[in-house]
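For reference, entry_9.pdb is printed below; it contains PDB, C-alpha atoms.
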```pdb
ATOM      1  CA  MET A   1     -11.814  13.742 -19.963
ATOM      2  CA  THR A   2     -13.570  15.723 -22.658
ATOM      3  CA  ALA A   3     -15.030  12.819 -24.664
ATOM      4  CA  ILE A   4     -16.070   9.292 -23.792
ATOM      5  CA  PRO A   5     -13.017   7.139 -24.482
ATOM      6  CA  ASN A   6     -13.205   3.865 -26.337
ATOM      7  CA  ILE A   7     -12.219   1.565 -23.493
ATOM      8  CA  ALA A   8     -12.274  -1.617 -25.560
ATOM      9  CA  ALA A   9      -9.854  -0.152 -28.110
ATOM     10  CA  LEU A  10      -7.479   0.820 -25.336
ATOM     11  CA  LEU A  11      -7.666  -2.547 -23.601
ATOM     12  CA  ASP A  12      -6.878  -4.208 -26.939
ATOM     13  CA  ALA A  13      -3.764  -2.051 -27.303
ATOM     14  CA  VAL A  14      -2.365  -2.608 -23.807
ATOM     15  CA  LEU A  15       0.284  -5.286 -23.398
ATOM     16  CA  PHE A  16      -0.300  -6.484 -19.863
ATOM     17  CA  ASN A  17       2.629  -8.358 -18.319
ATOM     18  CA  ALA A  18       2.610 -11.981 -17.152
ATOM     19  CA  ASP A  19       0.843 -10.861 -13.957
ATOM     20  CA  GLY A  20      -1.858  -9.071 -15.959
ATOM     21  CA  LEU A  21      -0.494  -5.639 -14.988
ATOM     22  CA  VAL A  22       0.722  -2.528 -16.775
ATOM     23  CA  PRO A  23       2.737   0.314 -15.192
ATOM     24  CA  ALA A  24       0.997   3.693 -15.032
ATOM     25  CA  ILE A  25       2.843   6.969 -14.474
ATOM     26  CA  ALA A  26       0.835   9.820 -12.925
ATOM     27  CA  GLN A  27       1.768  13.355 -13.968
ATOM     28  CA  GLN A  28       0.171  16.551 -12.664
ATOM     29  CA  GLU A  29      -1.621  18.523 -15.368
ATOM     30  CA  GLY A  30      -0.132  21.960 -15.846
ATOM     31  CA  SER A  31       2.924  21.757 -13.604
ATOM     32  CA  GLY A  32       4.179  18.550 -15.212
ATOM     33  CA  GLU A  33       5.306  17.062 -11.882
ATOM     34  CA  VAL A  34       5.773  13.309 -12.105
ATOM     35  CA  LEU A  35       3.895  12.212  -9.001
ATOM     36  CA  MET A  36       4.160   8.439  -8.810
ATOM     37  CA  MET A  37       4.212   5.166 -10.697
ATOM     38  CA  ALA A  38       1.887   2.310  -9.856
ATOM     39  CA  TRP A  39       0.264  -0.655 -11.593
ATOM     40  CA  MET A  40      -3.111  -1.307 -13.198
ATOM     41  CA  ASN A  41      -4.897  -4.469 -14.237
ATOM     42  CA  ARG A  42      -7.803  -4.569 -16.702
ATOM     43  CA  ASP A  43     -10.355  -3.852 -13.985
ATOM     44  CA  ALA A  44      -8.429  -0.884 -12.591
ATOM     45  CA  LEU A  45      -7.971   0.584 -16.044
ATOM     46  CA  THR A  46     -11.616   0.088 -16.942
ATOM     47  CA  GLU A  47     -12.761   1.685 -13.690
ATOM     48  CA  THR A  48     -10.386   4.627 -14.146
ATOM     49  CA  LEU A  49     -11.686   5.394 -17.630
ATOM     50  CA  SER A  50     -15.307   4.819 -16.632
ATOM     51  CA  THR A  51     -15.316   6.978 -13.521
ATOM     52  CA  GLY A  52     -12.597   9.550 -14.254
ATOM     53  CA  ARG A  53     -11.064   8.819 -10.844
ATOM     54  CA  VAL A  54      -7.757   6.978 -10.906
ATOM     55  CA  CYS A  55      -7.804   3.408  -9.618
ATOM     56  CA  TYR A  56      -4.675   1.262  -9.455
ATOM     57  CA  TRP A  57      -4.032  -2.366  -8.544
ATOM     58  CA  SER A  58      -2.265  -2.758  -5.226
ATOM     59  CA  ARG A  59       0.265  -5.547  -5.616
ATOM     60  CA  SER A  60       0.868  -5.676  -1.849
ATOM     61  CA  ARG A  61      -2.828  -5.900  -0.957
ATOM     62  CA  GLY A  62      -3.914  -7.838  -4.047
ATOM     63  CA  ALA A  63      -6.898  -5.537  -4.490
ATOM     64  CA  LEU A  64      -8.153  -2.530  -6.415
ATOM     65  CA  TRP A  65      -6.641   0.645  -4.980
ATOM     66  CA  ARG A  66      -8.858   3.654  -5.435
ATOM     67  CA  LYS A  67      -6.232   6.356  -4.997
ATOM     68  CA  GLY A  68      -7.231   8.561  -2.091
ATOM     69  CA  GLU A  69      -9.813   6.167  -0.636
ATOM     70  CA  SER A  70      -8.164   6.316   2.782
ATOM     71  CA  SER A  71      -6.238   9.606   2.544
ATOM     72  CA  GLY A  72      -8.661  11.751   0.524
ATOM     73  CA  GLN A  73      -5.803  12.551  -1.867
ATOM     74  CA  VAL A  74      -7.667  11.536  -5.026
ATOM     75  CA  GLN A  75      -6.478  11.793  -8.615
ATOM     76  CA  VAL A  76      -8.917  13.064 -11.234
ATOM     77  CA  LEU A  77      -8.032  11.782 -14.684
ATOM     78  CA  LYS A  78      -7.559  14.449 -17.332
ATOM     79  CA  GLN A  79      -5.965  12.411 -20.108
ATOM     80  CA  LEU A  80      -4.625   8.899 -20.555
ATOM     81  CA  LEU A  81      -1.816   8.122 -22.985
ATOM     82  CA  ILE A  82      -0.360   4.803 -24.073
ATOM     83  CA  ASP A  83       3.192   4.404 -25.302
ATOM     84  CA  CYS A  84       4.485   3.110 -28.625
ATOM     85  CA  ASP A  85       4.966  -0.434 -27.340
ATOM     86  CA  GLY A  86       1.649  -0.516 -25.499
ATOM     87  CA  ASP A  87       3.323  -1.583 -22.272
ATOM     88  CA  THR A  88       3.241   1.664 -20.254
ATOM     89  CA  LEU A  89       0.516   4.237 -19.529
ATOM     90  CA  LEU A  90       0.847   7.933 -18.741
ATOM     91  CA  LEU A  91      -1.990   9.453 -16.721
ATOM     92  CA  ILE A  92      -2.380  13.221 -16.788
ATOM     93  CA  VAL A  93      -4.171  13.937 -13.532
ATOM     94  CA  ASP A  94      -5.269  16.591 -11.131
ATOM     95  CA  GLN A  95      -3.845  15.450  -7.806
ATOM     96  CA  ALA A  96      -5.681  16.592  -4.690
ATOM     97  CA  GLY A  97      -3.125  17.403  -2.010
ATOM     98  CA  VAL A  98      -0.174  15.042  -2.070
ATOM     99  CA  ALA A  99       0.509  11.876  -4.046
ATOM    100  CA  CYS A 100       3.025  10.261  -1.681
ATOM    101  CA  HIS A 101       2.106   8.374   1.502
ATOM    102  CA  THR A 102       4.951  10.256   3.200
ATOM    103  CA  GLY A 103       3.002  13.494   2.725
ATOM    104  CA  ARG A 104       5.098  14.821  -0.149
ATOM    105  CA  ARG A 105       3.662  15.976  -3.464
ATOM    106  CA  SER A 106       5.622  13.345  -5.379
ATOM    107  CA  CYS A 107       6.982   9.915  -4.483
ATOM    108  CA  PHE A 108      10.226  10.866  -6.253
ATOM    109  CA  TYR A 109      11.852  12.881  -3.504
ATOM    110  CA  ARG A 110      15.286  11.280  -3.018
ATOM    111  CA  THR A 111      18.406  11.726  -5.130
ATOM    112  CA  PRO A 112      21.893  10.274  -4.733
ATOM    113  CA  GLY A 113      24.334  12.932  -3.523
ATOM    114  CA  PRO A 114      28.003  12.547  -2.564
ATOM    115  CA  ASP A 115      27.153  11.314   0.938
ATOM    116  CA  GLY A 116      24.159   9.133   0.139
ATOM    117  CA  LEU A 117      20.516   9.780  -0.663
ATOM    118  CA  GLU A 118      19.348  13.354  -0.198
ATOM    119  CA  THR A 119      15.740  14.450   0.288
ATOM    120  CA  VAL A 120      14.734  17.138  -2.202
ATOM    121  CA  LEU A 121      11.006  17.595  -1.455
ATOM    122  CA  PRO A 122       9.416  18.775   1.792
ATOM    123  CA  VAL A 123       6.584  17.086   3.664
ATOM    124  CA  VAL A 124       3.480  19.126   2.798
ATOM    125  CA  THR A 125       0.981  17.234   4.938
ATOM    126  CA  GLU A 126       1.948  15.079   7.905
ATOM    127  CA  PRO A 127       1.005  11.418   7.275
ATOM    128  CA  GLU A 128      -0.823  11.353  10.622
ATOM    129  CA  LYS A 129      -3.267  13.853   9.111
ATOM    130  CA  LEU A 130      -3.729  11.745   5.991
ATOM    131  CA  TYR A 131      -4.123   8.354   7.615
ATOM    132  CA  GLY A 132      -4.744   9.038  11.300
ATOM    133  CA  LYS A 133      -1.473   7.336  12.111
ATOM    134  CA  ALA A 134       2.239   7.602  11.407
ATOM    135  CA  VAL A 135       3.683   5.809   8.378
ATOM    136  CA  ARG A 136       7.291   5.272   7.459
TER     137      ARG A 136
ATOM    138  CA  MET B   1      24.837  16.096 -12.560
ATOM    139  CA  THR B   2      26.430  18.758 -10.393
ATOM    140  CA  ALA B   3      28.104  16.493  -7.813
ATOM    141  CA  ILE B   4      29.462  12.969  -7.911
ATOM    142  CA  PRO B   5      26.600  10.750  -6.757
ATOM    143  CA  ASN B   6      27.060   7.959  -4.260
ATOM    144  CA  ILE B   7      26.300   5.041  -6.553
ATOM    145  CA  ALA B   8      26.609   2.371  -3.845
ATOM    146  CA  ALA B   9      24.044   4.130  -1.646
ATOM    147  CA  LEU B  10      21.622   4.300  -4.547
ATOM    148  CA  LEU B  11      22.119   0.661  -5.530
ATOM    149  CA  ASP B  12      21.446  -0.318  -1.909
ATOM    150  CA  ALA B  13      18.159   1.594  -1.975
ATOM    151  CA  VAL B  14      16.838   0.198  -5.271
ATOM    152  CA  LEU B  15      14.424  -2.724  -5.070
ATOM    153  CA  PHE B  16      15.153  -4.597  -8.273
ATOM    154  CA  ASN B  17      12.401  -6.986  -9.375
ATOM    155  CA  ALA B  18      12.732 -10.750  -9.752
ATOM    156  CA  ASP B  19      14.423 -10.192 -13.120
ATOM    157  CA  GLY B  20      16.944  -7.789 -11.560
ATOM    158  CA  LEU B  21      15.318  -4.787 -13.223
ATOM    159  CA  VAL B  22      13.819  -1.473 -12.131
ATOM    160  CA  PRO B  23      11.583   0.790 -14.265
ATOM    161  CA  ALA B  24      13.031   4.196 -15.143
ATOM    162  CA  ILE B  25      10.918   7.112 -16.365
ATOM    163  CA  ALA B  26      12.681   9.720 -18.491
ATOM    164  CA  GLN B  27      11.451  13.313 -18.211
ATOM    165  CA  GLN B  28      12.787  16.295 -20.166
ATOM    166  CA  GLU B  29      14.379  18.938 -17.965
ATOM    167  CA  GLY B  30      12.596  22.257 -18.210
ATOM    168  CA  SER B  31       9.590  21.319 -20.328
ATOM    169  CA  GLY B  32       8.609  18.429 -18.064
ATOM    170  CA  GLU B  33       7.623  16.190 -20.995
ATOM    171  CA  VAL B  34       7.476  12.531 -19.986
ATOM    172  CA  LEU B  35       9.469  10.976 -22.806
ATOM    173  CA  MET B  36       9.520   7.231 -22.186
ATOM    174  CA  MET B  37       9.745   4.447 -19.643
ATOM    175  CA  ALA B  38      12.298   1.673 -19.897
ATOM    176  CA  TRP B  39      14.167  -0.702 -17.594
ATOM    177  CA  MET B  40      17.575  -0.718 -15.919
ATOM    178  CA  ASN B  41      19.603  -3.422 -14.254
ATOM    179  CA  ARG B  42      22.490  -2.750 -11.842
ATOM    180  CA  ASP B  43      25.007  -2.412 -14.666
ATOM    181  CA  ALA B  44      22.841   0.021 -16.651
ATOM    182  CA  LEU B  45      22.219   2.140 -13.574
ATOM    183  CA  THR B  46      25.893   2.156 -12.632
ATOM    184  CA  GLU B  47      26.924   3.117 -16.158
ATOM    185  CA  THR B  48      24.296   5.879 -16.308
ATOM    186  CA  LEU B  49      25.501   7.473 -13.075
ATOM    187  CA  SER B  50      29.170   7.017 -13.969
ATOM    188  CA  THR B  51      29.013   8.458 -17.472
ATOM    189  CA  GLY B  52      26.078  10.874 -17.273
ATOM    190  CA  ARG B  53      24.651   9.320 -20.436
ATOM    191  CA  VAL B  54      21.489   7.263 -19.951
ATOM    192  CA  CYS B  55      21.875   3.521 -20.454
ATOM    193  CA  TYR B  56      18.932   1.126 -20.128
ATOM    194  CA  TRP B  57      18.626  -2.644 -20.256
ATOM    195  CA  SER B  58      16.916  -3.886 -23.398
ATOM    196  CA  ARG B  59      14.630  -6.726 -22.401
ATOM    197  CA  SER B  60      14.075  -7.698 -26.046
ATOM    198  CA  ARG B  61      17.790  -7.806 -26.900
ATOM    199  CA  GLY B  62      18.988  -8.935 -23.488
ATOM    200  CA  ALA B  63      21.778  -6.354 -23.570
ATOM    201  CA  LEU B  64      22.739  -2.906 -22.336
ATOM    202  CA  TRP B  65      20.993  -0.261 -24.400
ATOM    203  CA  ARG B  66      22.936   2.970 -24.603
ATOM    204  CA  LYS B  67      20.101   5.276 -25.573
ATOM    205  CA  GLY B  68      20.921   6.897 -28.899
ATOM    206  CA  GLU B  69      23.716   4.488 -29.841
ATOM    207  CA  SER B  70      22.090   3.755 -33.202
ATOM    208  CA  SER B  71      19.892   6.837 -33.635
ATOM    209  CA  GLY B  72      22.099   9.563 -32.150
ATOM    210  CA  GLN B  73      19.165  10.610 -29.940
ATOM    211  CA  VAL B  74      21.086  10.452 -26.668
ATOM    212  CA  GLN B  75      19.838  11.356 -23.201
ATOM    213  CA  VAL B  76      22.143  13.356 -20.931
ATOM    214  CA  LEU B  77      21.336  12.753 -17.268
ATOM    215  CA  LYS B  78      20.614  15.881 -15.243
ATOM    216  CA  GLN B  79      19.180  14.351 -12.072
ATOM    217  CA  LEU B  80      18.142  10.907 -10.891
ATOM    218  CA  LEU B  81      15.378  10.429  -8.322
ATOM    219  CA  ILE B  82      14.202   7.290  -6.554
ATOM    220  CA  ASP B  83      10.694   6.869  -5.231
ATOM    221  CA  CYS B  84       9.474   6.201  -1.698
ATOM    222  CA  ASP B  85       9.308   2.430  -2.209
ATOM    223  CA  GLY B  86      12.644   2.250  -4.019
ATOM    224  CA  ASP B  87      11.093   0.388  -6.927
ATOM    225  CA  THR B  88      10.925   3.137  -9.591
ATOM    226  CA  LEU B  89      13.415   5.709 -10.866
ATOM    227  CA  LEU B  90      12.784   9.119 -12.420
ATOM    228  CA  LEU B  91      15.496  10.411 -14.727
ATOM    229  CA  ILE B  92      15.568  14.122 -15.463
ATOM    230  CA  VAL B  93      17.325  14.292 -18.818
ATOM    231  CA  ASP B  94      18.214  16.466 -21.734
ATOM    232  CA  GLN B  95      16.919  14.516 -24.733
ATOM    233  CA  ALA B  96      18.688  15.141 -28.047
ATOM    234  CA  GLY B  97      16.085  15.160 -30.817
ATOM    235  CA  VAL B  98      13.357  12.610 -30.218
ATOM    236  CA  ALA B  99      12.915   9.881 -27.608
ATOM    237  CA  CYS B 100      10.567   7.597 -29.556
ATOM    238  CA  HIS B 101      11.661   5.192 -32.275
ATOM    239  CA  THR B 102       8.681   6.410 -34.319
ATOM    240  CA  GLY B 103      10.356   9.831 -34.549
ATOM    241  CA  ARG B 104       8.116  11.551 -32.005
ATOM    242  CA  ARG B 105       9.423  13.494 -29.010
ATOM    243  CA  SER B 106       7.683  11.172 -26.559
ATOM    244  CA  CYS B 107       6.637   7.530 -26.705
ATOM    245  CA  PHE B 108       3.297   8.553 -25.150
ATOM    246  CA  TYR B 109       1.535   9.802 -28.258
ATOM    247  CA  ARG B 110      -1.742   7.840 -28.345
ATOM    248  CA  THR B 111      -4.910   8.454 -26.366
ATOM    249  CA  PRO B 112      -8.250   6.651 -26.411
ATOM    250  CA  GLY B 113     -10.904   8.769 -28.129
ATOM    251  CA  PRO B 114     -14.509   7.890 -28.949
ATOM    252  CA  ASP B 115     -13.540   6.027 -32.141
ATOM    253  CA  GLY B 116     -10.371   4.337 -30.911
ATOM    254  CA  LEU B 117      -6.803   5.439 -30.302
ATOM    255  CA  GLU B 118      -5.947   8.919 -31.519
ATOM    256  CA  THR B 119      -2.442  10.193 -32.245
ATOM    257  CA  VAL B 120      -1.677  13.420 -30.396
ATOM    258  CA  LEU B 121       1.996  14.035 -31.249
ATOM    259  CA  PRO B 122       3.517  14.630 -34.687
ATOM    260  CA  VAL B 123       6.492  12.835 -36.188
ATOM    261  CA  VAL B 124       9.396  15.260 -35.811
ATOM    262  CA  THR B 125      12.068  13.175 -37.534
ATOM    263  CA  GLU B 126      11.295  10.361 -39.967
ATOM    264  CA  PRO B 127      12.529   7.020 -38.575
ATOM    265  CA  GLU B 128      14.386   6.413 -41.856
ATOM    266  CA  LYS B 129      16.612   9.352 -40.947
ATOM    267  CA  LEU B 130      17.213   7.975 -37.448
ATOM    268  CA  TYR B 131      17.899   4.370 -38.323
ATOM    269  CA  GLY B 132      18.461   4.312 -42.084
ATOM    270  CA  LYS B 133      15.316   2.224 -42.470
ATOM    271  CA  ALA B 134      11.588   2.344 -41.796
ATOM    272  CA  VAL B 135      10.266   1.120 -38.466
ATOM    273  CA  ARG B 136       6.720   0.474 -37.447
TER     274      ARG B 136
END
```

Write the structure described by the file as structure tokens, please.
Amino acid sequence: MTAIPNIAALLDAVLFNADGLVPAIAQQEGSGEVLMMAWMNRDALTETLSTGRVCYWSRSRGALWRKGESSGQVQVLKQLLIDCDGDTLLLIVDQAGVACHTGRRSCFYRTPGPDGLETVLPVVTEPEKLYGKAVR
Amino acid sequence: MTAIPNIAALLDAVLFNADGLVPAIAQQEGSGEVLMMAWMNRDALTETLSTGRVCYWSRSRGALWRKGESSGQVQVLKQLLIDCDGDTLLLIVDQAGVACHTGRRSCFYRTPGPDGLETVLPVVTEPEKLYGKAVR
């Protein structure tokens, strides 16, 4: 981030859903890879803009999710954009390593082919190396 | 789409939310621009894969939303990807004209600057030309 963003103005413009969340898409700066989509609440969004490190809200854990806190695969925020309706965010980030818990650069690695879902991205880093254990 | 996708296998893999919807991110093939995010239900997803033209579900209208049906700004599907959790889709598309109802290429055209939200994308086509009337 090149200038201090006006966090209050952004929070005013965001239409959080009934659960107090807004979807946030992470895109790699430069390459344009869409890495993942996750959710933010007001606290996660405020922390992300304040620190420059991306923080989501984990719906499964019910807690702030500082991306990379267990895997080291952090996302540095480069730019944050809000859409015309105010109900979706686009985060331009610099992703360290891999975004996906399966060890792939992006979470979007499966596509429907004639015989079912096909895997189109390789595992870059084995999950055991990221988390010290296997994950599905 | 180069091969006929297995729609049933994809539908089985998608985790629709409590409203029967899944978020779908549209990204321009080649340039990598993230154009918009909208929602699909089973019918919209089936139609999109069957026809190769992107069809969303309009939450505000409660109806199928064939992108471009009123504006002519259609999206041709090039590839569909599903994420690791099965709860988000990424559509690689060829966007005719502009994706945003404000006449900009992408719906993500505002960013928080020091003095509030700043507009970072120009209007390419006046909304009056897209819809025959002004829109906000």

Using the chain letters and numbers from the file, which residues does the ChimeraX specification (/B :<6) & /A grab, as a PDB file with C-alpha atoms, keeping the file's coordinate frame?
```
ATOM      1  CA  ILE A   4     -16.070   9.292 -23.792  1.00  0.00           C
ATOM      2  CA  PRO A   5     -13.017   7.139 -24.482  1.00  0.00           C
ATOM      3  CA  ASN A   6     -13.205   3.865 -26.337  1.00  0.00           C
ATOM      4  CA  ALA A   9      -9.854  -0.152 -28.110  1.00  0.00           C
ATOM      5  CA  LEU A  10      -7.479   0.820 -25.336  1.00  0.00           C
ATOM      6  CA  GLY A  32       4.179  18.550 -15.212  1.00  0.00           C
ATOM      7  CA  LEU A  80      -4.625   8.899 -20.555  1.00  0.00           C
ATOM      8  CA  LEU A  81      -1.816   8.122 -22.985  1.00  0.00           C
ATOM      9  CA  ILE A  82      -0.360   4.803 -24.073  1.00  0.00           C
ATOM     10  CA  ASP A  83       3.192   4.404 -25.302  1.00  0.00           C
ATOM     11  CA  CYS A  84       4.485   3.110 -28.625  1.00  0.00           C
ATOM     12  CA  CYS A 107       6.982   9.915  -4.483  1.00  0.00           C
ATOM     13  CA  PHE A 108      10.226  10.866  -6.253  1.00  0.00           C
ATOM     14  CA  ARG A 110      15.286  11.280  -3.018  1.00  0.00           C
ATOM     15  CA  THR A 111      18.406  11.726  -5.130  1.00  0.00           C
ATOM     16  CA  PRO A 112      21.893  10.274  -4.733  1.00  0.00           C
ATOM     17  CA  GLY A 113      24.334  12.932  -3.523  1.00  0.00           C
ATOM     18  CA  PRO A 114      28.003  12.547  -2.564  1.00  0.00           C
ATOM     19  CA  GLY A 116      24.159   9.133   0.139  1.00  0.00           C
TER      20      GLY A 116
END
```

Once chain B has been least-squares superposed onto chain A, matching all their Cα atoms in order, can you return it as a JSON list (two decimals) with C-alpha atoms, in the coordinates of the input?
```
[["chain", "number", "residue", "atom", "x", "y", "z"],
["B", 1, "MET", "CA", -11.75, 13.73, -19.97],
["B", 2, "THR", "CA", -13.55, 15.73, -22.64],
["B", 3, "ALA", "CA", -15.00, 12.84, -24.66],
["B", 4, "ILE", "CA", -16.05, 9.32, -23.81],
["B", 5, "PRO", "CA", -13.00, 7.15, -24.50],
["B", 6, "ASN", "CA", -13.20, 3.87, -26.35],
["B", 7, "ILE", "CA", -12.22, 1.58, -23.49],
["B", 8, "ALA", "CA", -12.27, -1.62, -25.58],
["B", 9, "ALA", "CA", -9.85, -0.15, -28.12],
["B", 10, "LEU", "CA", -7.47, 0.83, -25.34],
["B", 11, "LEU", "CA", -7.67, -2.55, -23.61],
["B", 12, "ASP", "CA", -6.88, -4.21, -26.94],
["B", 13, "ALA", "CA", -3.77, -2.05, -27.31],
["B", 14, "VAL", "CA", -2.37, -2.61, -23.81],
["B", 15, "LEU", "CA", 0.29, -5.29, -23.41],
["B", 16, "PHE", "CA", -0.31, -6.50, -19.87],
["B", 17, "ASN", "CA", 2.62, -8.36, -18.31],
["B", 18, "ALA", "CA", 2.61, -11.97, -17.15],
["B", 19, "ASP", "CA", 0.84, -10.86, -13.96],
["B", 20, "GLY", "CA", -1.86, -9.07, -15.97],
["B", 21, "LEU", "CA", -0.51, -5.65, -14.99],
["B", 22, "VAL", "CA", 0.72, -2.53, -16.77],
["B", 23, "PRO", "CA", 2.73, 0.31, -15.18],
["B", 24, "ALA", "CA", 0.99, 3.69, -15.03],
["B", 25, "ILE", "CA", 2.84, 6.97, -14.47],
["B", 26, "ALA", "CA", 0.84, 9.81, -12.93],
["B", 27, "GLN", "CA", 1.76, 13.35, -13.97],
["B", 28, "GLN", "CA", 0.16, 16.56, -12.68],
["B", 29, "GLU", "CA", -1.63, 18.53, -15.37],
["B", 30, "GLY", "CA", -0.13, 21.96, -15.85],
["B", 31, "SER", "CA", 2.92, 21.75, -13.61],
["B", 32, "GLY", "CA", 4.16, 18.54, -15.22],
["B", 33, "GLU", "CA", 5.31, 17.07, -11.89],
["B", 34, "VAL", "CA", 5.77, 13.30, -12.10],
["B", 35, "LEU", "CA", 3.89, 12.21, -9.00],
["B", 36, "MET", "CA", 4.16, 8.43, -8.82],
["B", 37, "MET", "CA", 4.20, 5.17, -10.71],
["B", 38, "ALA", "CA", 1.89, 2.30, -9.86],
["B", 39, "TRP", "CA", 0.25, -0.66, -11.59],
["B", 40, "MET", "CA", -3.13, -1.31, -13.20],
["B", 41, "ASN", "CA", -4.90, -4.47, -14.24],
["B", 42, "ARG", "CA", -7.81, -4.57, -16.71],
["B", 43, "ASP", "CA", -10.38, -3.86, -14.00],
["B", 44, "ALA", "CA", -8.44, -0.89, -12.59],
["B", 45, "LEU", "CA", -7.97, 0.58, -16.05],
["B", 46, "THR", "CA", -11.63, 0.09, -16.95],
["B", 47, "GLU", "CA", -12.77, 1.68, -13.69],
["B", 48, "THR", "CA", -10.39, 4.62, -14.15],
["B", 49, "LEU", "CA", -11.69, 5.39, -17.64],
["B", 50, "SER", "CA", -15.32, 4.82, -16.64],
["B", 51, "THR", "CA", -15.32, 6.98, -13.52],
["B", 52, "GLY", "CA", -12.59, 9.54, -14.25],
["B", 53, "ARG", "CA", -11.07, 8.81, -10.84],
["B", 54, "VAL", "CA", -7.74, 6.98, -10.91],
["B", 55, "CYS", "CA", -7.81, 3.41, -9.62],
["B", 56, "TYR", "CA", -4.68, 1.25, -9.46],
["B", 57, "TRP", "CA", -4.05, -2.36, -8.54],
["B", 58, "SER", "CA", -2.28, -2.77, -5.22],
["B", 59, "ARG", "CA", 0.25, -5.55, -5.62],
["B", 60, "SER", "CA", 0.85, -5.68, -1.86],
["B", 61, "ARG", "CA", -2.85, -5.92, -0.97],
["B", 62, "GLY", "CA", -3.91, -7.84, -4.05],
["B", 63, "ALA", "CA", -6.91, -5.54, -4.49],
["B", 64, "LEU", "CA", -8.15, -2.53, -6.42],
["B", 65, "TRP", "CA", -6.65, 0.63, -4.98],
["B", 66, "ARG", "CA", -8.87, 3.65, -5.44],
["B", 67, "LYS", "CA", -6.25, 6.35, -5.01],
["B", 68, "GLY", "CA", -7.23, 8.56, -2.09],
["B", 69, "GLU", "CA", -9.82, 6.17, -0.64],
["B", 70, "SER", "CA", -8.17, 6.31, 2.79],
["B", 71, "SER", "CA", -6.25, 9.58, 2.54],
["B", 72, "GLY", "CA", -8.66, 11.74, 0.54],
["B", 73, "GLN", "CA", -5.81, 12.54, -1.87],
["B", 74, "VAL", "CA", -7.68, 11.53, -5.02],
["B", 75, "GLN", "CA", -6.48, 11.79, -8.61],
["B", 76, "VAL", "CA", -8.92, 13.06, -11.23],
["B", 77, "LEU", "CA", -8.03, 11.77, -14.69],
["B", 78, "LYS", "CA", -7.55, 14.45, -17.34],
["B", 79, "GLN", "CA", -5.97, 12.41, -20.12],
["B", 80, "LEU", "CA", -4.63, 8.90, -20.56],
["B", 81, "LEU", "CA", -1.81, 8.12, -22.99],
["B", 82, "ILE", "CA", -0.35, 4.79, -24.07],
["B", 83, "ASP", "CA", 3.19, 4.40, -25.30],
["B", 84, "CYS", "CA", 4.50, 3.11, -28.63],
["B", 85, "ASP", "CA", 4.98, -0.44, -27.33],
["B", 86, "GLY", "CA", 1.65, -0.52, -25.50],
["B", 87, "ASP", "CA", 3.32, -1.58, -22.28],
["B", 88, "THR", "CA", 3.23, 1.67, -20.25],
["B", 89, "LEU", "CA", 0.52, 4.23, -19.53],
["B", 90, "LEU", "CA", 0.85, 7.93, -18.73],
["B", 91, "LEU", "CA", -1.99, 9.45, -16.73],
["B", 92, "ILE", "CA", -2.38, 13.21, -16.79],
["B", 93, "VAL", "CA", -4.18, 13.94, -13.53],
["B", 94, "ASP", "CA", -5.28, 16.59, -11.14],
["B", 95, "GLN", "CA", -3.85, 15.44, -7.80],
["B", 96, "ALA", "CA", -5.70, 16.59, -4.68],
["B", 97, "GLY", "CA", -3.13, 17.42, -2.00],
["B", 98, "VAL", "CA", -0.19, 15.04, -2.07],
["B", 99, "ALA", "CA", 0.50, 11.87, -4.05],
["B", 100, "CYS", "CA", 3.02, 10.25, -1.68],
["B", 101, "HIS", "CA", 2.11, 8.39, 1.49],
["B", 102, "THR", "CA", 4.95, 10.26, 3.21],
["B", 103, "GLY", "CA", 2.99, 13.50, 2.72],
["B", 104, "ARG", "CA", 5.10, 14.83, -0.14],
["B", 105, "ARG", "CA", 3.66, 15.98, -3.47],
["B", 106, "SER", "CA", 5.62, 13.35, -5.39],
["B", 107, "CYS", "CA", 6.97, 9.92, -4.49],
["B", 108, "PHE", "CA", 10.22, 10.87, -6.25],
["B", 109, "TYR", "CA", 11.84, 12.89, -3.49],
["B", 110, "ARG", "CA", 15.27, 11.28, -3.02],
["B", 111, "THR", "CA", 18.40, 11.73, -5.11],
["B", 112, "PRO", "CA", 21.88, 10.27, -4.72],
["B", 113, "GLY", "CA", 24.33, 12.92, -3.51],
["B", 114, "PRO", "CA", 27.98, 12.54, -2.55],
["B", 115, "ASP", "CA", 27.15, 11.32, 0.97],
["B", 116, "GLY", "CA", 24.14, 9.14, 0.15],
["B", 117, "LEU", "CA", 20.50, 9.78, -0.64],
["B", 118, "GLU", "CA", 19.34, 13.36, -0.18],
["B", 119, "THR", "CA", 15.73, 14.45, 0.29],
["B", 120, "VAL", "CA", 14.72, 17.14, -2.19],
["B", 121, "LEU", "CA", 11.00, 17.61, -1.46],
["B", 122, "PRO", "CA", 9.40, 18.78, 1.79],
["B", 123, "VAL", "CA", 6.57, 17.10, 3.66],
["B", 124, "VAL", "CA", 3.48, 19.14, 2.80],
["B", 125, "THR", "CA", 0.97, 17.24, 4.95],
["B", 126, "GLU", "CA", 1.96, 15.08, 7.92],
["B", 127, "PRO", "CA", 1.02, 11.43, 7.27],
["B", 128, "GLU", "CA", -0.81, 11.37, 10.62],
["B", 129, "LYS", "CA", -3.26, 13.85, 9.13],
["B", 130, "LEU", "CA", -3.71, 11.72, 6.01],
["B", 131, "TYR", "CA", -4.10, 8.34, 7.63],
["B", 132, "GLY", "CA", -4.69, 9.03, 11.32],
["B", 133, "LYS", "CA", -1.38, 7.34, 12.11],
["B", 134, "ALA", "CA", 2.33, 7.64, 11.40],
["B", 135, "VAL", "CA", 3.78, 5.85, 8.39],
["B", 136, "ARG", "CA", 7.38, 5.31, 7.50]]
```

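Going from atom CA of A:Glu126 over to atom CA of A:Gly103, you cover 5.5 Å.
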
Legend entry - Shell around B:Val76 at 9 Å using only C-alpha atoms, local window under 5 positions removed, as a count of residues only: 8
